[in-house]
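Step one of this worksheet: look at the structure below.
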Amino acid sequence: MHEFPVVHIGGIGFDLSSIIAITVSFVITLVLALLAVRNLSVDNPSKLQNFMEWVVEFVHNTIASTMPLEKAKRYISLGMTLIMFIFISNLLGLPFGIVTEVSESHHGPVTVAGLEIASADEVEKAHEDGKHLAYAWWKSPTADLSVTAGLASIVFVLVHYLGLTQNTRHYLKHYFKPYPIFFPINILETLTKPLTLALRLFANIFAGEVLISTILLLDVFGIPLLGIWQGFSIFVGAIQAFLFTILTMVYISQATVHEEGH
Amino acid sequence: MNFQWTSFLYAIIAFGILYYLLNKYAFGPLFGIMEKRRQLILQQMESAEQNRKELEKHLEEQKQVLQEARKEAYEMIEQAKRTGARQAEEIVQAAREEASRLREEALRDIENEKNKALAALKAQVGGLSVLIASKIIEKQIDEKSHQELIDHYLQEVGNRS
(Lines give C-alpha, C1' and ligand atoms only; values in the text may rest on other atoms or scores of the structure.)
Protein backbone atom coordinates (compact mmCIF):
# COMPACT_ATOMS: atom_id res chain seq x y z
CA MET A 1 0.00 0.00 0.00
CA HIS A 2 1.13 3.51 -0.77
CA GLU A 3 2.16 5.84 1.99
CA PHE A 4 0.84 9.36 2.21
CA PRO A 5 3.37 12.15 2.27
CA VAL A 6 3.31 13.74 5.71
CA VAL A 7 5.63 16.62 6.46
CA HIS A 8 6.33 17.86 9.94
CA ILE A 9 6.63 21.55 10.64
CA GLY A 10 7.28 22.43 14.23
CA GLY A 11 6.18 18.98 15.35
CA ILE A 12 2.82 19.27 13.59
CA GLY A 13 2.14 16.82 10.82
CA PHE A 14 0.72 17.98 7.52
CA ASP A 15 -0.67 15.36 5.17
CA LEU A 16 0.24 16.98 1.86
CA SER A 17 -1.97 14.69 -0.24
CA SER A 18 -5.05 15.50 1.87
CA ILE A 19 -4.32 19.20 1.79
CA ILE A 20 -3.86 19.12 -1.98
CA ALA A 21 -7.04 17.07 -2.42
CA ILE A 22 -9.13 19.33 -0.20
CA THR A 23 -7.82 22.41 -2.01
CA VAL A 24 -8.56 20.92 -5.43
CA SER A 25 -12.07 19.85 -4.39
CA PHE A 26 -12.63 23.26 -2.88
CA VAL A 27 -11.57 25.02 -6.09
CA ILE A 28 -13.55 22.70 -8.40
CA THR A 29 -16.71 23.03 -6.30
CA LEU A 30 -16.36 26.80 -6.14
CA VAL A 31 -15.62 27.21 -9.85
CA LEU A 32 -18.42 24.86 -10.84
CA ALA A 33 -20.92 26.66 -8.63
CA LEU A 34 -19.80 30.10 -9.80
CA LEU A 35 -19.88 28.98 -13.45
CA ALA A 36 -23.37 27.65 -12.94
CA VAL A 37 -24.65 30.96 -11.62
CA ARG A 38 -22.62 33.16 -13.97
CA ASN A 39 -25.42 33.95 -16.39
CA LEU A 40 -28.49 33.57 -14.28
CA SER A 41 -31.71 34.01 -16.17
CA VAL A 42 -35.31 33.86 -15.10
CA ASP A 43 -36.88 32.77 -18.36
CA ASN A 44 -33.98 31.26 -20.29
CA PRO A 45 -31.75 29.25 -17.95
CA SER A 46 -28.55 27.69 -19.28
CA LYS A 47 -27.93 23.95 -19.06
CA LEU A 48 -25.63 24.34 -16.08
CA GLN A 49 -28.14 26.57 -14.33
CA ASN A 50 -30.83 23.99 -14.98
CA PHE A 51 -28.61 21.36 -13.43
CA MET A 52 -27.95 23.54 -10.39
CA GLU A 53 -31.65 24.20 -10.02
CA TRP A 54 -32.27 20.49 -10.21
CA VAL A 55 -29.75 20.03 -7.38
CA VAL A 56 -31.50 22.75 -5.38
CA GLU A 57 -34.86 21.03 -5.93
CA PHE A 58 -33.32 17.70 -5.02
CA VAL A 59 -31.79 18.97 -1.77
CA HIS A 60 -34.93 20.95 -1.05
CA ASN A 61 -37.06 17.82 -1.41
CA THR A 62 -34.61 15.93 0.77
CA ILE A 63 -34.91 18.54 3.48
CA ALA A 64 -38.63 19.11 3.04
CA SER A 65 -39.26 15.42 3.54
CA THR A 66 -37.74 15.64 7.01
CA MET A 67 -38.66 19.13 8.20
CA PRO A 68 -41.26 21.84 7.60
CA LEU A 69 -40.80 23.88 4.45
CA GLU A 70 -40.34 27.34 5.95
CA LYS A 71 -37.56 26.11 8.22
CA ALA A 72 -35.85 24.18 5.44
CA LYS A 73 -34.82 27.15 3.28
CA ARG A 74 -31.98 28.07 5.62
CA TYR A 75 -30.40 24.65 5.37
CA ILE A 76 -30.60 24.20 1.61
CA SER A 77 -27.34 26.08 1.18
CA LEU A 78 -25.65 23.85 3.71
CA GLY A 79 -27.08 20.75 2.10
CA MET A 80 -26.00 21.86 -1.36
CA THR A 81 -22.50 22.71 -0.23
CA LEU A 82 -22.25 19.33 1.48
CA ILE A 83 -23.58 17.30 -1.42
CA MET A 84 -21.48 19.13 -4.04
CA PHE A 85 -18.28 19.14 -2.03
CA ILE A 86 -18.56 15.51 -1.00
CA PHE A 87 -19.61 14.29 -4.43
CA ILE A 88 -16.74 16.09 -6.14
CA SER A 89 -14.37 14.88 -3.40
CA ASN A 90 -15.54 11.30 -3.90
CA LEU A 91 -14.91 11.44 -7.62
CA LEU A 92 -11.57 13.18 -7.30
CA GLY A 93 -9.52 10.04 -6.65
CA LEU A 94 -11.14 7.98 -9.41
CA PRO A 95 -9.71 9.10 -12.76
CA PHE A 96 -5.97 8.86 -12.03
CA GLY A 97 -3.32 8.66 -9.35
CA ILE A 98 0.01 10.36 -8.83
CA VAL A 99 2.53 8.11 -7.16
CA THR A 100 6.20 8.83 -6.52
CA GLU A 101 8.43 5.90 -5.72
CA VAL A 102 11.53 5.82 -3.65
CA SER A 103 14.12 3.71 -5.36
CA GLU A 104 15.99 0.96 -3.52
CA SER A 105 19.22 2.78 -3.99
CA HIS A 106 17.93 5.92 -2.33
CA HIS A 107 19.48 6.56 1.04
CA GLY A 108 18.92 9.36 3.48
CA PRO A 109 15.73 11.27 4.11
CA VAL A 110 13.00 11.77 1.50
CA THR A 111 12.21 15.45 1.14
CA VAL A 112 9.77 17.66 -0.70
CA ALA A 113 10.68 21.31 -1.20
CA GLY A 114 13.12 21.05 1.65
CA LEU A 115 10.58 19.48 3.99
CA GLU A 116 11.19 15.98 5.29
CA ILE A 117 8.58 13.32 4.48
CA ALA A 118 10.50 10.37 5.83
CA SER A 119 13.63 10.49 7.91
CA ALA A 120 16.79 8.65 6.91
CA ASP A 121 16.14 6.04 9.59
CA GLU A 122 12.68 5.28 8.29
CA VAL A 123 13.96 4.90 4.75
CA GLU A 124 16.70 2.56 5.87
CA LYS A 125 14.25 0.54 7.91
CA ALA A 126 11.92 0.18 4.94
CA HIS A 127 14.78 -0.96 2.77
CA GLU A 128 15.87 -3.47 5.34
CA ASP A 129 12.34 -4.86 5.63
CA GLY A 130 12.20 -5.21 1.86
CA LYS A 131 9.30 -2.76 1.81
CA HIS A 132 8.63 -0.76 -1.32
CA LEU A 133 8.32 2.91 -0.44
CA ALA A 134 5.89 4.88 -2.59
CA TYR A 135 3.93 8.03 -1.93
CA ALA A 136 0.47 8.73 -3.29
CA TRP A 137 -0.06 12.40 -3.96
CA TRP A 138 -3.50 12.23 -5.44
CA LYS A 139 -6.57 10.88 -3.71
CA SER A 140 -10.12 11.69 -2.73
CA PRO A 141 -10.10 13.94 0.33
CA THR A 142 -12.97 11.83 1.63
CA ALA A 143 -10.68 8.80 1.56
CA ASP A 144 -8.97 10.36 4.57
CA LEU A 145 -10.58 9.76 7.95
CA SER A 146 -9.36 13.15 9.21
CA VAL A 147 -11.31 14.95 6.50
CA THR A 148 -14.56 13.02 6.92
CA ALA A 149 -14.22 13.45 10.68
CA GLY A 150 -13.89 17.18 10.08
CA LEU A 151 -17.08 17.25 8.03
CA ALA A 152 -18.91 15.08 10.56
CA SER A 153 -17.78 17.30 13.43
CA ILE A 154 -19.15 20.36 11.61
CA VAL A 155 -22.50 18.59 11.42
CA PHE A 156 -22.23 17.46 15.04
CA VAL A 157 -21.49 20.95 16.35
CA LEU A 158 -24.15 22.52 14.12
CA VAL A 159 -26.84 20.04 15.12
CA HIS A 160 -26.28 20.50 18.83
CA TYR A 161 -25.88 24.26 18.55
CA LEU A 162 -29.20 24.49 16.68
CA GLY A 163 -30.84 22.13 19.16
CA LEU A 164 -29.64 24.14 22.14
CA THR A 165 -30.52 27.57 20.77
CA GLN A 166 -33.72 26.94 18.85
CA ASN A 167 -35.42 24.16 20.72
CA THR A 168 -33.74 24.22 24.12
CA ARG A 169 -36.32 22.57 26.34
CA HIS A 170 -37.27 19.81 23.95
CA TYR A 171 -33.63 19.25 23.03
CA LEU A 172 -32.51 18.80 26.64
CA LYS A 173 -35.49 16.66 27.51
CA HIS A 174 -34.94 14.24 24.66
CA TYR A 175 -31.85 12.85 26.43
CA PHE A 176 -34.15 11.46 29.11
CA LYS A 177 -36.74 9.99 26.80
CA PRO A 178 -38.56 7.74 27.15
CA TYR A 179 -37.27 7.16 30.72
CA PRO A 180 -34.43 8.85 32.60
CA ILE A 181 -32.62 5.52 32.73
CA PHE A 182 -32.10 5.76 28.99
CA PHE A 183 -29.76 8.73 29.44
CA PRO A 184 -26.51 6.79 28.86
CA ILE A 185 -27.97 5.16 25.76
CA ASN A 186 -29.07 8.51 24.40
CA ILE A 187 -25.60 9.95 25.03
CA LEU A 188 -24.10 6.97 23.26
CA GLU A 189 -26.46 7.48 20.34
CA THR A 190 -25.51 11.14 20.14
CA LEU A 191 -21.84 10.27 20.07
CA THR A 192 -22.16 7.50 17.53
CA LYS A 193 -24.04 9.65 15.06
CA PRO A 194 -21.04 11.73 13.90
CA LEU A 195 -18.78 8.72 14.25
CA THR A 196 -20.86 6.63 11.86
CA LEU A 197 -21.26 9.61 9.57
CA ALA A 198 -17.49 10.04 9.29
CA LEU A 199 -16.60 6.35 9.17
CA ARG A 200 -19.26 5.40 6.61
CA LEU A 201 -18.09 8.01 4.14
CA PHE A 202 -14.41 7.36 4.74
CA ALA A 203 -14.72 3.59 4.55
CA ASN A 204 -16.70 3.55 1.33
CA ILE A 205 -14.39 5.90 -0.55
CA PHE A 206 -11.19 4.52 0.95
CA ALA A 207 -12.22 0.96 0.11
CA GLY A 208 -12.93 2.06 -3.44
CA GLU A 209 -9.49 3.58 -3.78
CA VAL A 210 -7.78 0.59 -2.20
CA LEU A 211 -9.52 -1.67 -4.69
CA ILE A 212 -8.47 0.59 -7.56
CA SER A 213 -4.82 0.43 -6.53
CA THR A 214 -5.15 -3.32 -6.09
CA ILE A 215 -6.66 -3.72 -9.54
CA LEU A 216 -3.78 -1.62 -10.92
CA LEU A 217 -1.43 -4.40 -9.79
CA LEU A 218 -3.11 -6.65 -12.41
CA ASP A 219 -1.55 -4.50 -15.12
CA VAL A 220 -3.23 -4.75 -18.56
CA PHE A 221 -5.63 -7.53 -17.55
CA GLY A 222 -7.20 -5.27 -14.96
CA ILE A 223 -8.40 -2.61 -17.40
CA PRO A 224 -11.99 -3.90 -17.92
CA LEU A 225 -12.29 -4.58 -14.22
CA LEU A 226 -10.94 -1.11 -13.48
CA GLY A 227 -13.51 0.46 -15.79
CA ILE A 228 -16.34 -1.42 -14.10
CA TRP A 229 -15.11 -0.54 -10.65
CA GLN A 230 -14.61 3.12 -11.49
CA GLY A 231 -18.17 3.27 -12.83
CA PHE A 232 -19.42 1.65 -9.67
CA SER A 233 -17.34 4.05 -7.61
CA ILE A 234 -19.09 7.00 -9.23
CA PHE A 235 -22.36 5.45 -8.12
CA VAL A 236 -21.01 4.83 -4.62
CA GLY A 237 -19.67 8.39 -4.47
CA ALA A 238 -23.06 9.81 -5.41
CA ILE A 239 -24.85 7.56 -2.90
CA GLN A 240 -22.47 8.50 -0.11
CA ALA A 241 -22.74 12.21 -0.82
CA PHE A 242 -26.53 11.89 -0.84
CA LEU A 243 -26.49 9.81 2.34
CA PHE A 244 -24.24 12.22 4.21
CA THR A 245 -26.44 15.14 3.22
CA ILE A 246 -29.77 13.53 4.01
CA LEU A 247 -28.51 12.23 7.36
CA THR A 248 -27.27 15.72 8.22
CA MET A 249 -30.71 17.09 7.41
CA VAL A 250 -32.40 14.37 9.46
CA TYR A 251 -30.22 15.16 12.46
CA ILE A 252 -30.86 18.88 12.11
CA SER A 253 -34.60 18.34 11.87
CA GLN A 254 -34.54 15.99 14.85
CA ALA A 255 -32.75 18.58 16.93
CA THR A 256 -34.75 21.63 15.86
CA VAL A 257 -38.30 20.49 15.20
CA HIS A 258 -40.54 20.46 18.20
CA GLU A 259 -42.84 17.50 18.02
CA GLU A 260 -46.24 18.36 19.43
CA GLY A 261 -47.15 14.75 20.08
CA HIS A 262 -44.52 14.27 22.82
CA MET B 1 -3.13 5.68 8.04
CA ASN B 2 -2.76 8.21 10.80
CA PHE B 3 -5.29 10.69 12.00
CA GLN B 4 -3.92 14.10 11.06
CA TRP B 5 -5.25 17.01 13.07
CA THR B 6 -4.08 19.41 10.39
CA SER B 7 -6.17 17.67 7.75
CA PHE B 8 -9.09 17.63 10.16
CA LEU B 9 -8.83 21.36 10.83
CA TYR B 10 -8.07 22.19 7.23
CA ALA B 11 -11.17 20.30 6.11
CA ILE B 12 -13.32 22.21 8.61
CA ILE B 13 -11.88 25.58 7.61
CA ALA B 14 -12.07 24.83 3.90
CA PHE B 15 -15.66 23.68 4.20
CA GLY B 16 -16.57 26.75 6.23
CA ILE B 17 -15.07 29.09 3.67
CA LEU B 18 -16.67 27.13 0.84
CA TYR B 19 -20.05 27.32 2.53
CA TYR B 20 -19.69 31.05 3.06
CA LEU B 21 -18.58 31.74 -0.52
CA LEU B 22 -21.17 29.51 -2.13
CA ASN B 23 -23.94 30.84 0.05
CA LYS B 24 -23.02 34.40 -0.79
CA TYR B 25 -22.03 34.24 -4.44
CA ALA B 26 -23.68 31.12 -5.86
CA PHE B 27 -26.73 29.88 -3.99
CA GLY B 28 -28.01 33.25 -2.86
CA PRO B 29 -28.41 34.55 -6.43
CA LEU B 30 -29.64 31.13 -7.56
CA PHE B 31 -32.37 31.07 -4.92
CA GLY B 32 -33.19 34.65 -5.82
CA ILE B 33 -33.61 33.71 -9.47
CA MET B 34 -35.72 30.70 -8.60
CA GLU B 35 -37.90 32.82 -6.37
CA LYS B 36 -38.17 35.41 -9.14
CA ARG B 37 -39.22 32.73 -11.59
CA ARG B 38 -41.83 31.50 -9.13
CA GLN B 39 -43.15 35.04 -8.86
CA LEU B 40 -43.09 35.44 -12.64
CA ILE B 41 -45.09 32.28 -13.17
CA LEU B 42 -47.55 33.31 -10.50
CA GLN B 43 -47.90 36.71 -12.11
CA GLN B 44 -48.35 35.23 -15.56
CA MET B 45 -50.99 32.86 -14.31
CA GLU B 46 -52.77 35.74 -12.64
CA SER B 47 -52.66 37.86 -15.78
CA ALA B 48 -53.86 34.92 -17.86
CA GLU B 49 -56.78 34.50 -15.50
CA GLN B 50 -57.51 38.22 -15.75
CA ASN B 51 -57.33 38.10 -19.54
CA ARG B 52 -59.73 35.21 -19.59
CA LYS B 53 -62.20 37.09 -17.43
CA GLU B 54 -61.89 40.18 -19.61
CA LEU B 55 -62.45 38.10 -22.72
CA GLU B 56 -65.53 36.59 -21.21
CA LYS B 57 -66.81 40.05 -20.40
CA HIS B 58 -66.15 41.23 -23.93
CA LEU B 59 -67.86 38.22 -25.38
CA GLU B 60 -70.89 38.90 -23.23
CA GLU B 61 -70.89 42.53 -24.36
CA GLN B 62 -70.61 41.56 -27.98
CA LYS B 63 -73.46 39.14 -27.65
CA GLN B 64 -75.57 41.88 -26.17
CA VAL B 65 -74.63 44.33 -28.91
CA LEU B 66 -75.44 41.74 -31.56
CA GLN B 67 -78.80 41.09 -29.95
CA GLU B 68 -79.56 44.79 -29.92
CA ALA B 69 -78.52 45.23 -33.53
CA ARG B 70 -80.71 42.34 -34.54
CA LYS B 71 -83.66 43.80 -32.71
CA GLU B 72 -83.08 47.20 -34.28
CA ALA B 73 -82.84 45.73 -37.76
CA TYR B 74 -86.06 43.82 -37.23
CA GLU B 75 -87.79 46.99 -36.09
CA MET B 76 -86.50 48.89 -39.08
CA ILE B 77 -87.75 46.25 -41.47
CA GLU B 78 -91.13 46.25 -39.79
CA GLN B 79 -91.35 50.00 -40.00
CA ALA B 80 -90.32 49.99 -43.65
CA LYS B 81 -92.97 47.37 -44.35
CA ARG B 82 -95.61 49.44 -42.62
CA THR B 83 -94.56 52.63 -44.45
CA GLY B 84 -94.54 50.84 -47.77
CA ALA B 85 -98.00 49.43 -47.27
CA ARG B 86 -99.36 52.82 -46.30
CA GLN B 87 -97.76 54.51 -49.26
CA ALA B 88 -99.10 51.92 -51.63
CA GLU B 89 -102.55 52.40 -50.26
CA GLU B 90 -102.24 56.16 -50.60
CA ILE B 91 -101.08 55.86 -54.18
CA VAL B 92 -103.94 53.51 -55.02
CA GLN B 93 -106.38 55.86 -53.34
CA ALA B 94 -105.03 58.85 -55.22
CA ALA B 95 -105.20 56.98 -58.49
CA ARG B 96 -108.73 55.90 -57.81
CA GLU B 97 -109.76 59.46 -56.98
CA GLU B 98 -108.07 60.77 -60.09
CA ALA B 99 -109.78 58.18 -62.19
CA SER B 100 -113.23 58.99 -60.82
CA ARG B 101 -112.59 62.68 -61.25
CA LEU B 102 -111.56 62.16 -64.85
CA ARG B 103 -114.61 60.04 -65.50
CA GLU B 104 -116.91 62.61 -64.04
CA GLU B 105 -115.27 65.33 -66.06
CA ALA B 106 -115.65 63.30 -69.19
CA LEU B 107 -119.28 62.62 -68.40
CA ARG B 108 -119.88 66.28 -67.81
CA ASP B 109 -118.15 67.18 -71.07
CA ILE B 110 -120.22 64.62 -72.92
CA GLU B 111 -123.39 66.08 -71.38
CA ASN B 112 -122.33 69.61 -72.29
CA GLU B 113 -121.49 68.65 -75.83
CA LYS B 114 -124.71 66.79 -76.15
CA ASN B 115 -126.70 69.76 -74.88
CA LYS B 116 -124.80 72.10 -77.17
CA ALA B 117 -125.38 69.86 -80.11
CA LEU B 118 -129.04 69.58 -79.22
CA ALA B 119 -129.37 73.34 -78.97
CA ALA B 120 -127.60 73.85 -82.30
CA LEU B 121 -129.71 71.17 -83.86
CA LYS B 122 -132.83 72.76 -82.43
CA ALA B 123 -131.84 76.13 -83.90
CA GLN B 124 -130.97 74.74 -87.34
CA VAL B 125 -133.92 72.45 -87.46
CA GLY B 126 -136.08 75.46 -86.53
CA GLY B 127 -134.59 77.59 -89.36
CA LEU B 128 -134.77 74.77 -91.85
CA SER B 129 -138.37 73.98 -90.90
CA VAL B 130 -139.31 77.59 -91.36
CA LEU B 131 -137.59 77.66 -94.70
CA ILE B 132 -139.08 74.40 -95.82
CA ALA B 133 -142.51 75.35 -94.51
CA SER B 134 -142.47 78.80 -96.13
CA LYS B 135 -141.30 77.29 -99.39
CA ILE B 136 -143.70 74.39 -99.49
CA ILE B 137 -146.79 75.95 -98.14
CA GLU B 138 -145.98 79.46 -99.22
CA LYS B 139 -148.71 80.54 -97.05
CA GLN B 140 -148.76 83.53 -94.88
CA ILE B 141 -148.77 82.52 -91.33
CA ASP B 142 -148.03 84.71 -88.46
CA GLU B 143 -145.00 84.31 -86.49
CA LYS B 144 -146.83 83.00 -83.50
CA SER B 145 -148.57 80.11 -85.16
CA HIS B 146 -145.22 79.28 -86.82
CA GLN B 147 -143.53 79.07 -83.52
CA GLU B 148 -146.25 76.87 -82.05
CA LEU B 149 -146.01 74.57 -84.99
CA ILE B 150 -142.19 74.35 -84.78
CA ASP B 151 -142.26 73.65 -81.08
CA HIS B 152 -144.82 70.98 -81.68
CA TYR B 153 -142.59 69.25 -84.26
CA LEU B 154 -139.46 69.66 -82.22
CA GLN B 155 -141.20 68.13 -79.25
CA GLU B 156 -142.00 65.17 -81.37
CA VAL B 157 -138.40 65.00 -82.66
CA GLY B 158 -137.03 65.30 -79.10
CA ASN B 159 -139.27 62.49 -77.95
CA ARG B 160 -138.20 60.20 -80.72
CA SER B 161 -134.59 60.86 -80.41
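Order determines the names: the first chain of the C-alpha coordinates is A, the second B, and so forth; residues in each chain are numbered 1 upward, and ligands are numbered 1 upward as they are shown.
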
TODO: Would you kindly report the residues of chain A within 6 Å of chain B, using only C-alpha atoms, as a PyMOL selection string?
DONE: chain A and resi 14+33-34+37+42+77+81+146-147+150

For Thr29 of chain A, find every residue with an atom within 8 Å (counting only C-alpha atoms), except residues of its own chain fewer than 4 positions away, and show them as a JSON list (two decimals) with all heavy atoms, in the first residue's frame.
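Output file result_0.json is given in full below:
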```json
[["chain", "number", "residue", "atom", "x", "y", "z"],
["A", 25, "SER", "N", -10.61, 20.00, -4.49],
["A", 25, "SER", "CA", -12.07, 19.85, -4.39],
["A", 25, "SER", "C", -12.73, 21.19, -4.15],
["A", 25, "SER", "O", -13.76, 21.53, -4.76],
["A", 25, "SER", "CB", -12.43, 18.91, -3.24],
["A", 25, "SER", "OG", -12.12, 17.61, -3.57],
["A", 33, "ALA", "N", -19.75, 25.93, -9.14],
["A", 33, "ALA", "CA", -20.92, 26.66, -8.63],
["A", 33, "ALA", "C", -20.98, 28.06, -9.22],
["A", 33, "ALA", "O", -22.04, 28.54, -9.63],
["A", 33, "ALA", "CB", -20.89, 26.72, -7.11],
["A", 84, "MET", "N", -22.40, 18.83, -2.93],
["A", 84, "MET", "CA", -21.48, 19.13, -4.04],
["A", 84, "MET", "C", -20.04, 18.83, -3.66],
["A", 84, "MET", "O", -19.31, 18.18, -4.40],
["A", 84, "MET", "CB", -21.60, 20.59, -4.46],
["A", 84, "MET", "CG", -22.82, 20.88, -5.30],
["A", 84, "MET", "SD", -22.91, 22.61, -5.74],
["A", 84, "MET", "CE", -21.58, 22.74, -6.91],
["A", 85, "PHE", "N", -19.67, 19.32, -2.46],
["A", 85, "PHE", "CA", -18.28, 19.14, -2.03],
["A", 85, "PHE", "C", -17.95, 17.66, -1.87],
["A", 85, "PHE", "O", -16.91, 17.18, -2.34],
["A", 85, "PHE", "CB", -18.05, 19.90, -0.71],
["A", 85, "PHE", "CG", -16.64, 19.83, -0.21],
["A", 85, "PHE", "CD1", -15.62, 20.49, -0.89],
["A", 85, "PHE", "CD2", -16.32, 19.10, 0.92],
["A", 85, "PHE", "CE1", -14.32, 20.44, -0.44],
["A", 85, "PHE", "CE2", -15.02, 19.04, 1.38],
["A", 85, "PHE", "CZ", -14.02, 19.71, 0.70],
["A", 88, "ILE", "N", -17.95, 15.79, -5.37],
["A", 88, "ILE", "CA", -16.74, 16.09, -6.14],
["A", 88, "ILE", "C", -15.52, 15.45, -5.47],
["A", 88, "ILE", "O", -14.64, 14.89, -6.13],
["A", 88, "ILE", "CB", -16.58, 17.61, -6.30],
["A", 88, "ILE", "CG1", -17.64, 18.12, -7.27],
["A", 88, "ILE", "CG2", -15.19, 17.97, -6.80],
["A", 88, "ILE", "CD1", -17.82, 19.59, -7.28]]
```

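For the pair atom CA of Thr245 of chain A and atom CA of Phe96 of chain A, the interatomic distance is 26.3 Å.
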
Open item on the list: as a ChimeraX atom specification, please: every residue in segment 72-242 of chain A that a backbone DSSP assignment puts in strand (DSSP E).
Closed with: /A:99-101,110-112,115-118,134-136

TODO: Fewer than 2 positions away in the same chain doesn't count, so skip those; otherwise give me all residues within 10 Å of Ile246 of chain A, counting only C-alpha atoms, as a list of chain:residue names.
DONE: A:Val59, A:Thr62, A:Ile63, A:Ser65, A:Thr66, A:Gly79, A:Leu82, A:Ile83, A:Gln240, A:Ala241, A:Phe242, A:Leu243, A:Phe244, A:Thr248, A:Met249, A:Val250, A:Tyr251, A:Ile252
